[in-house]
2 protein chains.
Amino acid sequence: MPTYTPPVKDMQFVLHDVLNVSGSDIPGYDELETDFTNAVLEEAGKLTSEVLTPLNVVGDTEGCRLENGVVYTPTGFKDAFEQVKEGGWPGLDMPEEYGGQNMPYVLGTAVGEMFSAANQAFTMYQGLTHGAASAILAHGTDAQKDKWLPKMVSCEWTGTMNLTEPHCGTDLGLMRTKAEPQDDGSYKISGQKIFISAGDHDMADNVVHLVLAKIPGGPEGIKGVSLFIVPKFKVDDDGTIGARNGVSVGNIEKKMGIHGNSTCVLNYDEAEGYLLGEEHKGMRAMFTMMNEARIGVGMQGLAQAEVAYQNAVDYAKDRLQGRDVTGTKNPDGPADPLIVHPDIRRSLMDQKSFAEGARAFILWGATLIDAAHRKGDKDADGLISLMTPVIKGFLTDEGYDMTVLAQQVYGGHGYIEEHGMSQFTRDARIAMIYEGANGVQALDLVGRKLAQDGGKHVMAFFDLVKDFCKENSDDEGLKDFIEPLKAASKDLQAAGMYFMQNGMKNPNNALSGSYDFMHLFGHVCLGLMWARMAKAANAALASGTGDAAFYETKLATGRYYMVRRLPATALHLARIQSGADTVMALDAEAF
Amino acid sequence: MPTYTPPVKDMQFVLHDVLNVSGSDIPGYDELETDFTNAVLEEAGKLTSEVLTPLNVVGDTEGCRLENGVVYTPTGFKDAFEQVKEGGWPGLDMPEEYGGQNMPYVLGTAVGEMFSAANQAFTMYQGLTHGAASAILAHGTDAQKDKWLPKMVSCEWTGTMNLTEPHCGTDLGLMRTKAEPQDDGSYKISGQKIFISAGDHDMADNVVHLVLAKIPGGPEGIKGVSLFIVPKFKVDDDGTIGARNGVSVGNIEKKMGIHGNSTCVLNYDEAEGYLLGEEHKGMRAMFTMMNEARIGVGMQGLAQAEVAYQNAVDYAKDRLQGRDVTGTKNPDGPADPLIVHPDIRRSLMDQKSFAEGARAFILWGATLIDAAHRKGDKDADGLISLMTPVIKGFLTDEGYDMTVLAQQVYGGHGYIEEHGMSQFTRDARIAMIYEGANGVQALDLVGRKLAQDGGKHVMAFFDLVKDFCKENSDDEGLKDFIEPLKAASKDLQAAGMYFMQNGMKNPNNALSGSYDFMHLFGHVCLGLMWARMAKAANAALASGTGDAAFYETKLATGRYYMVRRLPATALHLARIQSGADTVMALDAEAF
């Protein structure tokens, strides 16, 4: 049975030593004192490791079931969900007026990593609710907010996102679900939606679906899509639950992983719905959820990598197999532990240096979101908008690869379900797909975000890296970090330059390199975070306070990343600079 | 439901245009005329695509079950196995005196790819039998061969390999299974073996287990391991099946994939066994099976990549989503097919260029095995011995990654089980683990094979690449191939040089780079194969015969590999040259 130890110490290091959150001028950050965040993280850690982790395998083994139209979650999920609600976790970063605790998003993100690591399938029930509530918060009328949010912030009611239909996923302009206006201002929603995570279940009194649909007579394609609130049960104005609405579960999908989450086919048959935001502006409203969701999905990549890594370390220390070639480490035992072997080290260091770098990257991203939302910082908003596809695409690709590495440490024991390592890879796999498949993230990055606001945000990113390197160029303690970061950043700039010079002639020259660019960008971001972490670790060591071994380990892990992982930027650049010629050489018939 | 189209044309191209098998002086190769191999491949293709492919999903969904000590295979497996036996496929490359057809291994390998692509879990029943029969053929007495081989060559009886025990996988010296000598010359085998593929089932009259065990009083560790034939049912001297032997199925493992294969825990309780080969020389005898099995497993990596790729292509051509940015390709439809998008092309080209390169690599390797076995060619034997861990490790890692790419083309539809894309990745995952986890392959390559016979074989490999480049340096039609191959080969040589110079000082400097070296070597091998294929395609085009479009496509696919995939060698070299410092920097406690 896999275990999970919440990385509280590492989160505290990032929040306080690296990001210095309590010293920030972002409203609400003054509350984030070391003791306070520590208490919150310890409490969340207890719940996730003791309650949610043991249910992870249960969810995988049992899955959800549909009986007579009712969806049942796996044994124990309902009780655990009650504990989550009682702890007030779903509303941690939601406004107080709707029952939340109004904590910064950065703290919600740290807590969210623990929840996802402990039990991704379970956590999605509240994650989707958070996303749906955010959309209502951003686009709902006061009456809508008052009606839906209090119950959603507490997770008494959960939420969903309904985009995909059988014939359309990425290309939502092809959507067929219809919304017929009614005299009372409501709409009748009819159509079929698929792949609806947390689509229905037995853990909440109501499910509030946010549904994209087309109002007949509106513009063609994506410009004619509107967003609707469609509850499972209608709700009276006084908040009491009324009649069942015209939405039913057609099926629960059989999936590779996240079996504990009910991924539903939902059939809408003249279901009563209420317009959220403006007519035909549904995509804009949906993107409020999508951006947040994409960062949340990036975090899932990290979370699965972290928990898989922890279990791989335990196994590598316990399992006795072979001898250290440089001299026996366990002379009294029949063999040395796996962890003595260099190739096992390579694997564990890949995982460790990824997870810690990714954690810093996401938490930094979360502070940008807080700066944008709480301070109206437009530069921060632009920068996180640019980096959102990188967080989603790069961290889920890498996170998945890390779960595969962790599984490999177990040998044959990683392939059987008994040890739970297979589940980590099967669960992690979805994160590369949902909320926009990673190829779409790459397209968003190169086709849209790079040139946004005249390329201002990518220039700001380059400046940020350049400034950091300049400020610290004389710091002997950072010499292993600054030069590799400079080189990697140069590769990224060269790739951007290639796109500018060749993408005009033929957009395929840019799009053929979009996936490599997303990874190149991701490596530079992690390189930057490692350099910043190294600086913080050096400062802590110089101050002589705290756990010196922790900081020394941090520096060694960072050096590994700079030497063994960051040089991937050169390969990505080489691929990018080869353009579209070889990629697009064949006619479709030749495949 | 996934489909499979056997790549007969591509196999014929490799066999005849590239490897010129029927012109070879290897005994038996003169039979491999174009028409003959075409007929065999077409016939195998029919069986695999029509009978085995539809059973692949059935096997995955149903799995095997153990009831009252009896193992039942999924619906349809038994009938299909009868058809395979009737066709004589299991004995294709086995000696005629035991009922085989004595065809070269290279033809068996091509046929084997089809079987594995169509249904890996099913094909393992005969694959393991083939391995066990090969070991008996190489190490058995005449009486043993006469007794066991005819039934195994026909697959009336199947075979297994029993190595792993709960506490030892790679480190077999820790083995506890015992073999007590009896007065009649037989042994009583007692112990538990796990992860026994095709361990028991209802498709054959007997199962012949090859079991590693220790004879009490023998040398410690791996030097005291012997190999035994232990049948499920004892067999009288006249060949009739007698009493049940003391081996029983403890459990069928629940696995991530290959559900259709019964992976058993086998309990031996004073089971009657017969020494195969010499006492305490069990590992040597087992390696006869292991080397063949490792190449077979490498082929599985290719096979799953190929079938996943084929289905990804179909989906990419059918699924309408988004528009080609350079101009609509399907103006009458609501959207263009996925295949117009550059990032989908990147993915498909990665898959295609891998599969075709890997096919050529494996078939070339198979000709080396034939040369070694049929001609006693020691150089060929040394070369394939060197490349075996590369074939196993590199092709299964890459093959797995390709199934993940293929799955990604389907978006959300790739994550649900309905389309079968998840199964390809779940099935492909095991190939990175069994027959020696890929980290062990890398260790075998760097720690043993490189220096074998004074480094003679790796030098022969370098010469082979150098000679090819030299001979073709003036060929204008190969200029896109020769230069990248030279550069990649230079990286490989530099890596080898690094090991020589630094591995002496500290073996960890070599072992920390072993995994990267295996991949570097794999890329150079595929680069060489692409250069050879390009030469063959040019020759065919110049001759004006055959399907010009096929050869043009071959050249374009090869150019993609050289430009977009082969440059990975520089990254691997950079990692290797960083040595052990960052890899081994941490104490075990710091993880």
# chains A, B, ... in the order shown; residues from 1 in each chain; ligands from 1
>>> residues_around(residues="Asp581 in chain A", least_positions_apart="4", cutoff="12 Å", atoms="only C-alpha atoms", output="PyMOL selection string")
(chain A and resi 502+506-513+575-577+585-586) or (chain B and resi 342+345-346+349+556-557+559-560+563-564)
>>> residues_around(residues="Thr240 in chain A", least_positions_apart="2", cutoff="12 Å", atoms="only C-alpha atoms", output="MDAnalysis selection string")
chainID A and resid 147:148 151 205:206 233:238 242:243
>>> write_last_selection(atoms="N, CA, C and O atoms", output="PDB file, in the first residue's frame")
ATOM      1  N   LYS A 147     -27.427  32.603  -4.777  1.00  0.00           N
ATOM      2  CA  LYS A 147     -28.161  31.334  -4.819  1.00  0.00           C
ATOM      3  C   LYS A 147     -27.238  30.120  -4.833  1.00  0.00           C
ATOM      4  O   LYS A 147     -27.476  29.134  -4.143  1.00  0.00           O
ATOM      5  N   TRP A 148     -26.185  30.193  -5.643  1.00  0.00           N
ATOM      6  CA  TRP A 148     -25.366  28.980  -5.864  1.00  0.00           C
ATOM      7  C   TRP A 148     -24.091  28.914  -5.036  1.00  0.00           C
ATOM      8  O   TRP A 148     -23.649  27.833  -4.638  1.00  0.00           O
ATOM      9  N   LYS A 151     -23.495  27.213  -1.176  1.00  0.00           N
ATOM     10  CA  LYS A 151     -23.526  25.747  -1.129  1.00  0.00           C
ATOM     11  C   LYS A 151     -22.349  25.131  -1.903  1.00  0.00           C
ATOM     12  O   LYS A 151     -21.919  24.020  -1.595  1.00  0.00           O
ATOM     13  N   ASP A 205     -25.768  16.987  -2.158  1.00  0.00           N
ATOM     14  CA  ASP A 205     -27.217  17.052  -2.344  1.00  0.00           C
ATOM     15  C   ASP A 205     -27.618  17.523  -3.738  1.00  0.00           C
ATOM     16  O   ASP A 205     -28.733  17.294  -4.185  1.00  0.00           O
ATOM     17  N   ASN A 206     -26.702  18.210  -4.389  1.00  0.00           N
ATOM     18  CA  ASN A 206     -27.011  18.696  -5.721  1.00  0.00           C
ATOM     19  C   ASN A 206     -25.725  18.802  -6.519  1.00  0.00           C
ATOM     20  O   ASN A 206     -24.626  18.881  -5.942  1.00  0.00           O
ATOM     21  N   PHE A 233     -30.788  19.103  -9.552  1.00  0.00           N
ATOM     22  CA  PHE A 233     -32.104  19.381  -8.985  1.00  0.00           C
ATOM     23  C   PHE A 233     -32.349  20.883  -9.068  1.00  0.00           C
ATOM     24  O   PHE A 233     -31.448  21.671  -8.739  1.00  0.00           O
ATOM     25  N   LYS A 234     -33.551  21.255  -9.483  1.00  0.00           N
ATOM     26  CA  LYS A 234     -33.883  22.681  -9.473  1.00  0.00           C
ATOM     27  C   LYS A 234     -33.890  23.166  -8.028  1.00  0.00           C
ATOM     28  O   LYS A 234     -34.091  22.385  -7.096  1.00  0.00           O
ATOM     29  N   VAL A 235     -33.670  24.460  -7.873  1.00  0.00           N
ATOM     30  CA  VAL A 235     -33.559  25.041  -6.530  1.00  0.00           C
ATOM     31  C   VAL A 235     -34.521  26.215  -6.427  1.00  0.00           C
ATOM     32  O   VAL A 235     -34.535  27.095  -7.307  1.00  0.00           O
ATOM     33  N   ASP A 236     -35.341  26.207  -5.392  1.00  0.00           N
ATOM     34  CA  ASP A 236     -36.272  27.321  -5.189  1.00  0.00           C
ATOM     35  C   ASP A 236     -35.504  28.562  -4.775  1.00  0.00           C
ATOM     36  O   ASP A 236     -34.336  28.486  -4.391  1.00  0.00           O
ATOM     37  N   ASP A 237     -36.201  29.705  -4.844  1.00  0.00           N
ATOM     38  CA  ASP A 237     -35.517  30.949  -4.509  1.00  0.00           C
ATOM     39  C   ASP A 237     -35.062  30.982  -3.050  1.00  0.00           C
ATOM     40  O   ASP A 237     -34.103  31.667  -2.705  1.00  0.00           O
ATOM     41  N   ASP A 238     -35.757  30.233  -2.216  1.00  0.00           N
ATOM     42  CA  ASP A 238     -35.322  30.209  -0.808  1.00  0.00           C
ATOM     43  C   ASP A 238     -34.212  29.180  -0.582  1.00  0.00           C
ATOM     44  O   ASP A 238     -33.795  28.951   0.557  1.00  0.00           O
ATOM     45  N   GLY A 242     -35.633  21.430  -5.201  1.00  0.00           N
ATOM     46  CA  GLY A 242     -36.937  21.077  -5.756  1.00  0.00           C
ATOM     47  C   GLY A 242     -36.874  19.844  -6.640  1.00  0.00           C
ATOM     48  O   GLY A 242     -36.186  18.870  -6.320  1.00  0.00           O
ATOM     49  N   ALA A 243     -37.563  19.948  -7.765  1.00  0.00           N
ATOM     50  CA  ALA A 243     -37.733  18.789  -8.646  1.00  0.00           C
ATOM     51  C   ALA A 243     -36.442  18.449  -9.370  1.00  0.00           C
ATOM     52  O   ALA A 243     -35.571  19.294  -9.574  1.00  0.00           O
TER      53      ALA A 243
END
>>> select_by_dssp(residues="range 262-350 of chain A", states="strand (DSSP E)", output="ChimeraX atom specification")
/A:264-276
>>> write_last_selection(atoms="N, CA and C atoms", output="mmCIF file, in the first residue's frame")
data_model
loop_
_atom_site.group_PDB
_atom_site.id
_atom_site.type_symbol
_atom_site.label_atom_id
_atom_site.label_comp_id
_atom_site.auth_asym_id
_atom_site.auth_seq_id
_atom_site.Cartn_x
_atom_site.Cartn_y
_atom_site.Cartn_z
ATOM 1 N N CYS A 264 -18.717 11.041 -16.537
ATOM 2 C CA CYS A 264 -20.058 10.694 -17.027
ATOM 3 C C CYS A 264 -20.324 11.149 -18.449
ATOM 4 N N VAL A 265 -21.171 10.393 -19.119
ATOM 5 C CA VAL A 265 -21.913 10.877 -20.272
ATOM 6 C C VAL A 265 -23.191 11.483 -19.694
ATOM 7 N N LEU A 266 -23.429 12.751 -19.974
ATOM 8 C CA LEU A 266 -24.639 13.398 -19.444
ATOM 9 C C LEU A 266 -25.584 13.734 -20.591
ATOM 10 N N ASN A 267 -26.820 13.314 -20.431
ATOM 11 C CA ASN A 267 -27.838 13.607 -21.441
ATOM 12 C C ASN A 267 -28.767 14.707 -20.931
ATOM 13 N N TYR A 268 -28.828 15.779 -21.704
ATOM 14 C CA TYR A 268 -29.696 16.904 -21.354
ATOM 15 C C TYR A 268 -30.938 16.854 -22.237
ATOM 16 N N ASP A 269 -32.075 16.798 -21.578
ATOM 17 C CA ASP A 269 -33.322 16.701 -22.324
ATOM 18 C C ASP A 269 -34.269 17.796 -21.832
ATOM 19 N N GLU A 270 -34.191 18.939 -22.485
ATOM 20 C CA GLU A 270 -34.960 20.117 -22.076
ATOM 21 C C GLU A 270 -34.740 20.433 -20.602
ATOM 22 N N ALA A 271 -33.516 20.328 -20.187
ATOM 23 C CA ALA A 271 -33.181 20.673 -18.798
ATOM 24 C C ALA A 271 -33.248 22.189 -18.629
ATOM 25 N N GLU A 272 -33.717 22.630 -17.466
ATOM 26 C CA GLU A 272 -33.811 24.064 -17.207
ATOM 27 C C GLU A 272 -32.422 24.615 -16.908
ATOM 28 N N GLY A 273 -32.057 25.662 -17.649
ATOM 29 C CA GLY A 273 -30.744 26.256 -17.445
ATOM 30 C C GLY A 273 -30.843 27.769 -17.370
ATOM 31 N N TYR A 274 -29.821 28.366 -16.777
ATOM 32 C CA TYR A 274 -29.814 29.812 -16.570
ATOM 33 C C TYR A 274 -28.537 30.381 -17.141
ATOM 34 N N LEU A 275 -28.700 31.372 -18.003
ATOM 35 C CA LEU A 275 -27.551 31.985 -18.671
ATOM 36 C C LEU A 275 -26.560 32.528 -17.638
ATOM 37 N N LEU A 276 -25.282 32.179 -17.818
ATOM 38 C CA LEU A 276 -24.223 32.710 -16.951
ATOM 39 C C LEU A 276 -23.370 33.641 -17.808
#
>>> select_by_dssp(residues="range 246-392 of chain B", states="helix (DSSP H, G or I)", output="PyMOL selection string")
chain B and resi 282-318+338-340+342-375+378-392
>>> atom_distance(atom1="CA of Trp364 in chain A", atom2="CA of Met529 in chain A")
8.7 Å
>>> residues_around(residues="range 368-378 of chain B", least_positions_apart="2", cutoff="10 Å", atoms="only C-alpha atoms", output="list in words")
Ser24, Asp25, Ile26, Pro27, Gly28, Tyr29, Pro104, Tyr105, Val106, Glu292, Ile362, Leu363, Trp364, Gly365, Ala366, Ala380, Asp381, Gly382, Leu383, Ile384 and Ser385 of chain B
>>> write_last_selection(atoms="N, CA, C and O atoms", output="short mmCIF file (atom, residue, chain, number, x, y, z; two decimals), in the first residue's frame")
data_model
loop_
_atom_site.label_atom_id
_atom_site.label_comp_id
_atom_site.auth_asym_id
_atom_site.auth_seq_id
_atom_site.Cartn_x
_atom_site.Cartn_y
_atom_site.Cartn_z
N SER B 24 22.07 -13.79 -49.47
CA SER B 24 23.05 -14.04 -48.41
C SER B 24 23.57 -15.47 -48.47
O SER B 24 22.90 -16.37 -48.96
N ASP B 25 24.79 -15.67 -47.92
CA ASP B 25 25.34 -17.03 -47.90
C ASP B 25 25.04 -17.75 -46.59
O ASP B 25 25.60 -18.81 -46.31
N ILE B 26 24.16 -17.18 -45.77
CA ILE B 26 23.77 -17.87 -44.55
C ILE B 26 22.92 -19.09 -44.94
O ILE B 26 21.97 -18.94 -45.71
N PRO B 27 23.29 -20.27 -44.44
CA PRO B 27 22.53 -21.47 -44.82
C PRO B 27 21.02 -21.29 -44.57
O PRO B 27 20.62 -20.86 -43.49
N GLY B 28 20.25 -21.60 -45.58
CA GLY B 28 18.80 -21.51 -45.47
C GLY B 28 18.24 -20.22 -46.04
O GLY B 28 17.06 -20.12 -46.35
N TYR B 29 19.11 -19.22 -46.21
CA TYR B 29 18.63 -17.93 -46.70
C TYR B 29 18.25 -17.98 -48.18
O TYR B 29 17.50 -17.13 -48.66
N PRO B 104 14.76 -19.59 -41.28
CA PRO B 104 15.67 -18.71 -40.56
C PRO B 104 14.94 -17.88 -39.49
O PRO B 104 13.76 -17.58 -39.62
N TYR B 105 15.70 -17.51 -38.47
CA TYR B 105 15.18 -16.71 -37.36
C TYR B 105 14.66 -15.37 -37.86
O TYR B 105 13.69 -14.82 -37.31
N VAL B 106 15.27 -14.84 -38.92
CA VAL B 106 14.84 -13.52 -39.41
C VAL B 106 13.39 -13.56 -39.88
O VAL B 106 12.64 -12.60 -39.69
N GLU B 292 17.55 -14.55 -26.52
CA GLU B 292 16.48 -14.63 -27.52
C GLU B 292 15.26 -13.86 -27.02
O GLU B 292 14.63 -13.10 -27.75
N ILE B 362 15.82 -4.52 -35.90
CA ILE B 362 15.58 -5.86 -35.35
C ILE B 362 15.81 -6.94 -36.41
O ILE B 362 16.39 -7.99 -36.12
N LEU B 363 15.35 -6.68 -37.61
CA LEU B 363 15.54 -7.70 -38.65
C LEU B 363 17.02 -7.85 -38.99
O LEU B 363 17.50 -8.96 -39.25
N TRP B 364 17.74 -6.75 -38.99
CA TRP B 364 19.20 -6.85 -39.17
C TRP B 364 19.79 -7.69 -38.04
O TRP B 364 20.60 -8.61 -38.28
N GLY B 365 19.38 -7.39 -36.82
CA GLY B 365 19.85 -8.17 -35.67
C GLY B 365 19.54 -9.65 -35.82
O GLY B 365 20.36 -10.52 -35.49
N ALA B 366 18.38 -9.95 -36.37
CA ALA B 366 17.99 -11.35 -36.55
C ALA B 366 18.90 -12.04 -37.57
O ALA B 366 19.23 -13.23 -37.43
N ALA B 380 29.55 -11.99 -35.93
CA ALA B 380 28.12 -11.69 -35.87
C ALA B 380 27.59 -11.96 -34.47
O ALA B 380 26.79 -11.18 -33.93
N ASP B 381 28.06 -13.03 -33.89
CA ASP B 381 27.63 -13.39 -32.53
C ASP B 381 28.03 -12.30 -31.53
O ASP B 381 27.24 -11.91 -30.66
N GLY B 382 29.25 -11.81 -31.67
CA GLY B 382 29.71 -10.75 -30.77
C GLY B 382 28.93 -9.47 -30.94
O GLY B 382 28.58 -8.79 -29.97
N LEU B 383 28.64 -9.14 -32.20
CA LEU B 383 27.93 -7.90 -32.48
C LEU B 383 26.50 -7.94 -31.94
O LEU B 383 26.03 -6.97 -31.32
N ILE B 384 25.82 -9.04 -32.15
CA ILE B 384 24.43 -9.11 -31.66
C ILE B 384 24.40 -9.21 -30.13
O ILE B 384 23.49 -8.70 -29.49
N SER B 385 25.43 -9.82 -29.57
CA SER B 385 25.52 -9.86 -28.12
C SER B 385 25.66 -8.44 -27.56
O SER B 385 25.03 -8.07 -26.57
#
>>> closest_residue(among="B:Ala442, B:Ala487, B:Ala308, B:Met402", to="chain A", atoms="only C-alpha atoms")
B:Ala442
>>> residues_around(residues="Ala303 in chain A", least_positions_apart="6", cutoff="7 Å", atoms="only C-alpha atoms", output="number ranges by chain")
A: 113, 116-117
>>> residues_around(residues="range 96-99 of chain B", least_positions_apart="2", cutoff="6 Å", atoms="only C-alpha atoms", output="list in words")
Gln101, Asn102 and Pro150 of chain B
>>> residues_around(residues="Cys168 in chain A", least_positions_apart="3", cutoff="10 Å", atoms="only C-alpha atoms", output="list of chain:residue names")
A:Leu163, A:Thr164, A:Glu165, A:Asp171, A:Leu172, A:Gly173, A:Leu174, A:Met175, A:Arg176, A:Lys193, A:Ile194, B:Arg319, B:Leu320, B:Gln321, B:Gly322
>>> atom_distance(atom1="CA of Glu398 in chain A", atom2="CA of Cys525 in chain A")
13.3 Å
>>> atom_distance(atom1="CA of Thr582 in chain B", atom2="CA of Thr5 in chain A")
25.2 Å
>>> residues_around(residues="Val458 in chain B", least_positions_apart="4", cutoff="8 Å", atoms="only C-alpha atoms", output="list in words")
Leu383, Leu386, Leu450 and Phe462 of chain B
>>> write_last_selection(atoms="all heavy atoms", output="mmCIF file, in the first residue's frame")
data_model
loop_
_atom_site.group_PDB
_atom_site.id
_atom_site.type_symbol
_atom_site.label_atom_id
_atom_site.label_comp_id
_atom_site.auth_asym_id
_atom_site.auth_seq_id
_atom_site.Cartn_x
_atom_site.Cartn_y
_atom_site.Cartn_z
ATOM 1 N N LEU B 383 28.645 -9.143 -32.196
ATOM 2 C CA LEU B 383 27.926 -7.901 -32.476
ATOM 3 C C LEU B 383 26.503 -7.939 -31.941
ATOM 4 O O LEU B 383 26.027 -6.974 -31.323
ATOM 5 C CB LEU B 383 27.935 -7.637 -33.993
ATOM 6 C CG LEU B 383 27.457 -6.280 -34.456
ATOM 7 C CD1 LEU B 383 28.232 -5.145 -33.787
ATOM 8 C CD2 LEU B 383 27.591 -6.169 -35.988
ATOM 9 N N LEU B 386 26.466 -7.623 -28.233
ATOM 10 C CA LEU B 386 26.622 -6.219 -27.845
ATOM 11 C C LEU B 386 25.308 -5.459 -27.986
ATOM 12 O O LEU B 386 24.925 -4.665 -27.116
ATOM 13 C CB LEU B 386 27.681 -5.573 -28.760
ATOM 14 C CG LEU B 386 27.842 -4.055 -28.691
ATOM 15 C CD1 LEU B 386 28.517 -3.639 -27.382
ATOM 16 C CD2 LEU B 386 28.644 -3.527 -29.893
ATOM 17 N N LEU B 450 30.439 -3.761 -23.529
ATOM 18 C CA LEU B 450 31.388 -2.847 -24.180
ATOM 19 C C LEU B 450 32.805 -3.408 -24.175
ATOM 20 O O LEU B 450 33.528 -3.310 -25.169
ATOM 21 C CB LEU B 450 31.393 -1.489 -23.473
ATOM 22 C CG LEU B 450 30.369 -0.461 -23.910
ATOM 23 C CD1 LEU B 450 30.667 0.875 -23.263
ATOM 24 C CD2 LEU B 450 30.330 -0.330 -25.428
ATOM 25 N N PHE B 462 31.646 0.459 -34.668
ATOM 26 C CA PHE B 462 32.103 1.768 -35.153
ATOM 27 C C PHE B 462 32.641 1.665 -36.578
ATOM 28 O O PHE B 462 32.386 2.534 -37.413
ATOM 29 C CB PHE B 462 33.193 2.338 -34.220
ATOM 30 C CG PHE B 462 32.660 2.800 -32.887
ATOM 31 C CD1 PHE B 462 33.355 2.523 -31.717
ATOM 32 C CD2 PHE B 462 31.466 3.505 -32.797
ATOM 33 C CE1 PHE B 462 32.884 2.960 -30.485
ATOM 34 C CE2 PHE B 462 30.991 3.934 -31.566
ATOM 35 C CZ PHE B 462 31.695 3.655 -30.411
#
